Amino acid sequence: MRKLIHDLAVVRRNPVFRRFWLGMLISRAGDAFTTLALSWLVLTVAGPAELGVVLLCFGLPRIFSAPVAGRLLDRFQARVLLGWDNALRGGLVALLPVLASVRLLSVPVICSIAACCAALSAVTEVAEGALVPRLVEDADLEPANALLSANWELAYIVGPPVSGLIVAWSGASPALIVDALSFGLMSVICFRLPHIPKTSVEHPAGFIKKWLGTGALFRLPAVLTLTLTTVGFLFLNGMVEVFYPVFSRNGLQAGSGAYGLLVGVTGGGALLGVVFGQALFRNLRPGVKIALAVGGGAPFFGLLALTGNVAVAVVLVGVASFLWGPYYVVERSLVQRLIPENLRGQVMGARTAISSLGFPLGGAAAGAVMAGASIGAVILAMSLAYVLLAMIPLLSGSLRKAAAAQAPAASR
């Protein structure tokens, strides 16, 4: 509880971060609204196959736009870029119910709007990692990242049920209008952020190195190691997303209610992990922290292979999610400290682009694997994969050296 109070104190004593955090909370809730309301809208005008294409359009463009967003955040005022990003996304989301009302909405139109929203959202995604070290003191980096990570969990615990109720009462269009208003509010908050002084930015030659940020990323082997670990972690999370409904039906011999319980306890466990789980890793060296955050939940996830009881499965999933919850807080804080300030935007942009591949590829892989493998074999293989992935940061010499070099500076 003291840890939670300390984290919330960052919001109280830092008005600039408070505005940014509140804006990100609203934006995350808006994203959750969009996903559910738009999914339902697509199902009313088309079907499941078209929904898959639309959801793909919500993810892939960020792979290409994130590096550009990182370069822009290094060159221009973040508050202006964030303000326009959210204003334009709000306008695009508001366009959907308008087009639906005049019967001009089709799957290609929805795909185009979804792709534009995804491309624009890279600015906010990259800014969340690149700006925080410039908004808070180094000692407040973990609390700030914990609060931002909690935004994700809160948004996806509260957002979909609220959006679902609005859709059930009055249809998808009103939910999308509420979503558009949330983006408008986020835009106002961003435009009111103070001027953030720019630092001298390195300008490498060549399109690949300049605009994709790969040159700077590959010159930071410790950050590259953490990036690859995150890609693997997201890949496995994408597999888990597909695994839960299959496990509920075939492993637990239960229905959608069990699936809902597993999803709900996953979000709740992760939120508790973000808020309280970091205490488990206190005073450990960074590589060990990352390794434990990746592999700590694997044994409990593996025990799912031995149970067909819904209650036991819910407990095991909750504990595993709690232990995985602190990963992004620990990993992002370390990355932010390891990247020189003049490279932070472009490196974060490159990281976002690469990391964006993990979740959809994991989902696709899970679908292919579970079509021909037993539930028990899949559970054990995924648990082993988490353990093997944890070995990467644990055994990384570059991460150990970089963290040791960074530690004296952080203690000053």
# chains A, B, ... in the order shown; residues from 1 in each chain; ligands from 1
$ residues_around --residues "A:Ile354" --least-positions-apart "3" --cutoff "9 Å" --atoms "only C-alpha atoms" --output "PyMOL selection string"
chain A and resi 63+227-228+231+349-351+357-358
$ closest_atom_pairs --of "stretch 296-367 of chain A" --to "stretch 371-383 of chain A" --cutoff "10 Å" --atoms "only C-alpha atoms" --output "tab-separated table"
residue	atom	partner	partner_atom	distance
A:Gly297	CA	A:Ser383	CA	8.4
A:Ala298	CA	A:Ser383	CA	4.8
A:Pro299	CA	A:Ser383	CA	6.8
A:Phe300	CA	A:Ser383	CA	8.7
A:Phe301	CA	A:Ser383	CA	6.4
A:Gly302	CA	A:Ser383	CA	5.4
A:Leu303	CA	A:Ile379	CA	8.3
A:Leu304	CA	A:Ile379	CA	7.1
A:Ala305	CA	A:Gly376	CA	4.8
A:Leu306	CA	A:Gly376	CA	7.8
A:Thr307	CA	A:Gly376	CA	9.7
A:Ala366	CA	A:Ala371	CA	8.3
A:Gly367	CA	A:Ala371	CA	6.2
$ write_last_selection --atoms "C-alpha atoms" --output "PDB file, in the first residue's frame"
ATOM      1  CA  GLY A 297       4.556 -16.710 -14.184  1.00  0.00           C
ATOM      2  CA  ALA A 298       5.601 -19.703 -16.302  1.00  0.00           C
ATOM      3  CA  PRO A 299       5.325 -22.413 -13.573  1.00  0.00           C
ATOM      4  CA  PHE A 300       1.783 -21.346 -12.659  1.00  0.00           C
ATOM      5  CA  PHE A 301       0.764 -21.162 -16.310  1.00  0.00           C
ATOM      6  CA  GLY A 302       2.262 -24.629 -16.822  1.00  0.00           C
ATOM      7  CA  LEU A 303       0.117 -26.068 -14.037  1.00  0.00           C
ATOM      8  CA  LEU A 304      -2.943 -25.387 -16.212  1.00  0.00           C
ATOM      9  CA  ALA A 305      -2.023 -28.598 -18.041  1.00  0.00           C
ATOM     10  CA  LEU A 306      -2.915 -30.542 -14.892  1.00  0.00           C
ATOM     11  CA  THR A 307      -6.345 -29.083 -14.175  1.00  0.00           C
ATOM     12  CA  ALA A 366      -1.138 -19.965 -31.731  1.00  0.00           C
ATOM     13  CA  GLY A 367      -3.951 -20.489 -34.207  1.00  0.00           C
TER      14      GLY A 367
END
$ select_by_dssp --residues "stretch 278-331 of chain A" --states "alpha helix (DSSP H)" --output "ChimeraX atom specification"
/A:286-295,298-302,310-324,327-331
$ residues_around --residues "A:Arg134" --least-positions-apart "4" --cutoff "12 Å" --atoms "only C-alpha atoms" --output "ChimeraX atom specification"
/A:14,16-17,20,78,127-130,138,140-141,144,194-199,336-337,340-342,344-345
$ residues_around --residues "stretch 318-321 of chain A" --least-positions-apart "6" --cutoff "10 Å" --atoms "only C-alpha atoms" --output "PyMOL selection string"
chain A and resi 262-274+295-302+312
$ atom_distance --atom1 "atom CA of A:Val126" --atom2 "atom CA of A:Pro61"
13.8 Å
$ residues_around --residues "A:Leu224" --least-positions-apart "5" --cutoff "12 Å" --atoms "only C-alpha atoms" --output "PDB file with N, CA and C atoms, in the first residue's frame"
ATOM      1  N   GLY A 213      15.455   4.565 -37.487  1.00  0.00           N
ATOM      2  CA  GLY A 213      16.084   4.551 -36.172  1.00  0.00           C
ATOM      3  C   GLY A 213      16.895   3.312 -35.879  1.00  0.00           C
ATOM      4  N   THR A 214      17.113   2.459 -36.889  1.00  0.00           N
ATOM      5  CA  THR A 214      17.809   1.202 -36.638  1.00  0.00           C
ATOM      6  C   THR A 214      19.282   1.406 -36.331  1.00  0.00           C
ATOM      7  N   GLY A 215      19.878   2.450 -36.930  1.00  0.00           N
ATOM      8  CA  GLY A 215      21.297   2.706 -36.670  1.00  0.00           C
ATOM      9  C   GLY A 215      21.553   2.946 -35.203  1.00  0.00           C
ATOM     10  N   ALA A 216      20.752   3.825 -34.588  1.00  0.00           N
ATOM     11  CA  ALA A 216      20.914   4.134 -33.168  1.00  0.00           C
ATOM     12  C   ALA A 216      20.587   2.924 -32.301  1.00  0.00           C
ATOM     13  N   LEU A 217      19.562   2.157 -32.679  1.00  0.00           N
ATOM     14  CA  LEU A 217      19.174   0.992 -31.882  1.00  0.00           C
ATOM     15  C   LEU A 217      20.274  -0.065 -31.874  1.00  0.00           C
ATOM     16  N   PHE A 218      20.901  -0.319 -33.023  1.00  0.00           N
ATOM     17  CA  PHE A 218      21.925  -1.360 -33.088  1.00  0.00           C
ATOM     18  C   PHE A 218      23.239  -0.910 -32.452  1.00  0.00           C
ATOM     19  N   ARG A 219      23.383   0.386 -32.201  1.00  0.00           N
ATOM     20  CA  ARG A 219      24.564   0.856 -31.481  1.00  0.00           C
ATOM     21  C   ARG A 219      24.386   0.732 -29.973  1.00  0.00           C
ATOM     22  N   THR A 229      13.680  -9.131 -26.307  1.00  0.00           N
ATOM     23  CA  THR A 229      12.967  -9.807 -25.221  1.00  0.00           C
ATOM     24  C   THR A 229      11.499  -9.395 -25.201  1.00  0.00           C
ATOM     25  N   THR A 230      11.257  -8.111 -25.411  1.00  0.00           N
ATOM     26  CA  THR A 230       9.882  -7.616 -25.435  1.00  0.00           C
ATOM     27  C   THR A 230       9.108  -8.174 -26.617  1.00  0.00           C
ATOM     28  N   VAL A 231       9.756  -8.288 -27.773  1.00  0.00           N
ATOM     29  CA  VAL A 231       9.093  -8.900 -28.933  1.00  0.00           C
ATOM     30  C   VAL A 231       8.675 -10.330 -28.587  1.00  0.00           C
ATOM     31  N   GLU A 331      11.021  -3.078 -17.548  1.00  0.00           N
ATOM     32  CA  GLU A 331      11.744  -3.033 -18.819  1.00  0.00           C
ATOM     33  C   GLU A 331      11.800  -1.616 -19.384  1.00  0.00           C
ATOM     34  N   VAL A 335      15.113   0.733 -20.118  1.00  0.00           N
ATOM     35  CA  VAL A 335      15.392   1.200 -21.477  1.00  0.00           C
ATOM     36  C   VAL A 335      15.522   2.717 -21.511  1.00  0.00           C
ATOM     37  N   LEU A 338      18.843   3.787 -20.374  1.00  0.00           N
ATOM     38  CA  LEU A 338      19.977   3.354 -21.188  1.00  0.00           C
ATOM     39  C   LEU A 338      20.091   4.110 -22.512  1.00  0.00           C
ATOM     40  N   ILE A 339      19.020   4.767 -22.947  1.00  0.00           N
ATOM     41  CA  ILE A 339      19.056   5.494 -24.219  1.00  0.00           C
ATOM     42  C   ILE A 339      19.475   6.934 -23.973  1.00  0.00           C
ATOM     43  N   VAL A 347      15.003   5.942 -31.219  1.00  0.00           N
ATOM     44  CA  VAL A 347      15.148   4.568 -30.733  1.00  0.00           C
ATOM     45  C   VAL A 347      13.805   4.024 -30.252  1.00  0.00           C
ATOM     46  N   MET A 348      13.048   4.835 -29.537  1.00  0.00           N
ATOM     47  CA  MET A 348      11.727   4.393 -29.100  1.00  0.00           C
ATOM     48  C   MET A 348      10.817   4.122 -30.292  1.00  0.00           C
ATOM     49  N   ALA A 350      11.812   3.069 -33.294  1.00  0.00           N
ATOM     50  CA  ALA A 350      12.242   1.790 -33.871  1.00  0.00           C
ATOM     51  C   ALA A 350      11.777   0.625 -33.005  1.00  0.00           C
ATOM     52  N   ARG A 351      11.882   0.783 -31.676  1.00  0.00           N
ATOM     53  CA  ARG A 351      11.428  -0.265 -30.761  1.00  0.00           C
ATOM     54  C   ARG A 351       9.926  -0.531 -30.929  1.00  0.00           C
ATOM     55  N   THR A 352       9.149   0.526 -31.030  1.00  0.00           N
ATOM     56  CA  THR A 352       7.703   0.363 -31.171  1.00  0.00           C
ATOM     57  C   THR A 352       7.367  -0.377 -32.453  1.00  0.00           C
ATOM     58  N   ILE A 354       9.291  -2.509 -34.166  1.00  0.00           N
ATOM     59  CA  ILE A 354       9.696  -3.919 -34.067  1.00  0.00           C
ATOM     60  C   ILE A 354       8.779  -4.668 -33.110  1.00  0.00           C
ATOM     61  N   SER A 355       8.471  -4.059 -31.979  1.00  0.00           N
ATOM     62  CA  SER A 355       7.638  -4.725 -30.974  1.00  0.00           C
ATOM     63  C   SER A 355       6.220  -4.971 -31.475  1.00  0.00           C
ATOM     64  N   ILE A 392      17.483 -14.818 -21.935  1.00  0.00           N
ATOM     65  CA  ILE A 392      18.133 -13.801 -22.772  1.00  0.00           C
ATOM     66  C   ILE A 392      18.631 -12.630 -21.928  1.00  0.00           C
ATOM     67  N   PRO A 393      17.773 -11.927 -21.157  1.00  0.00           N
ATOM     68  CA  PRO A 393      18.289 -10.838 -20.329  1.00  0.00           C
ATOM     69  C   PRO A 393      19.166 -11.327 -19.182  1.00  0.00           C
ATOM     70  N   SER A 396      22.678 -11.930 -20.676  1.00  0.00           N
ATOM     71  CA  SER A 396      23.200 -10.901 -21.576  1.00  0.00           C
ATOM     72  C   SER A 396      24.354 -10.129 -20.931  1.00  0.00           C
ATOM     73  N   SER A 398      25.989  -7.652 -22.468  1.00  0.00           N
ATOM     74  CA  SER A 398      25.831  -6.233 -22.818  1.00  0.00           C
ATOM     75  C   SER A 398      24.869  -5.544 -21.870  1.00  0.00           C
ATOM     76  N   LEU A 399      23.814  -6.230 -21.479  1.00  0.00           N
ATOM     77  CA  LEU A 399      22.857  -5.635 -20.537  1.00  0.00           C
ATOM     78  C   LEU A 399      23.489  -5.459 -19.169  1.00  0.00           C
ATOM     79  N   ALA A 402      25.960  -2.456 -19.432  1.00  0.00           N
ATOM     80  CA  ALA A 402      25.274  -1.170 -19.575  1.00  0.00           C
ATOM     81  C   ALA A 402      24.592  -0.767 -18.286  1.00  0.00           C
TER      82      ALA A 402
END
$ residues_around --residues "A:Gly260" --least-positions-apart "6" --cutoff "10 Å" --atoms "only C-alpha atoms" --output "count of residues only"
4
$ residues_around --residues "A:Leu22" --least-positions-apart "2" --cutoff "12 Å" --atoms "only C-alpha atoms" --output "JSON list (two decimals) with C-alpha atoms, in the first residue's frame"
[["chain", "number", "residue", "atom", "x", "y", "z"],
["A", 11, "VAL", "CA", 0.78, 12.66, -9.92],
["A", 12, "ARG", "CA", 0.13, 15.02, -7.01],
["A", 15, "PRO", "CA", 1.38, 18.84, -12.52],
["A", 16, "VAL", "CA", 2.92, 18.36, -15.98],
["A", 17, "PHE", "CA", 3.12, 14.59, -15.61],
["A", 18, "ARG", "CA", -0.37, 14.62, -14.04],
["A", 19, "ARG", "CA", -1.82, 16.12, -17.22],
["A", 20, "PHE", "CA", 0.08, 13.69, -19.42],
["A", 24, "MET", "CA", -3.03, 8.83, -21.56],
["A", 25, "LEU", "CA", -5.70, 7.27, -19.33],
["A", 26, "ILE", "CA", -8.41, 8.90, -21.43],
["A", 27, "SER", "CA", -6.67, 7.85, -24.64],
["A", 28, "ARG", "CA", -6.32, 4.22, -23.50],
["A", 29, "ALA", "CA", -9.98, 4.10, -22.52],
["A", 144, "ALA", "CA", 5.55, 7.12, -13.43],
["A", 147, "LEU", "CA", 0.97, 4.54, -13.35],
["A", 148, "LEU", "CA", 1.08, 4.59, -17.15],
["A", 150, "ALA", "CA", -1.89, 0.74, -14.86],
["A", 151, "ASN", "CA", -3.71, 2.91, -17.41],
["A", 155, "ALA", "CA", -8.78, 0.91, -19.61],
["A", 182, "SER", "CA", -12.47, 11.18, -25.49],
["A", 185, "LEU", "CA", -10.42, 15.78, -24.61],
["A", 186, "MET", "CA", -7.00, 14.13, -24.87],
["A", 187, "SER", "CA", -6.12, 16.58, -27.65],
["A", 188, "VAL", "CA", -6.99, 19.57, -25.46],
["A", 189, "ILE", "CA", -4.90, 18.20, -22.60],
["A", 190, "CYS", "CA", -1.93, 17.64, -24.92],
["A", 193, "LEU", "CA", 1.19, 20.73, -21.95]]
$ closest_residue --among "A:Val123, A:Leu388, A:Val240, A:Val369" --to "A:Arg71" --atoms "only C-alpha atoms"
A:Val123
$ closest_residue --among "A:Val275, A:Ala94, A:Ala311, A:Leu38" --to "A:Gly184" --atoms "only C-alpha atoms"
A:Ala94
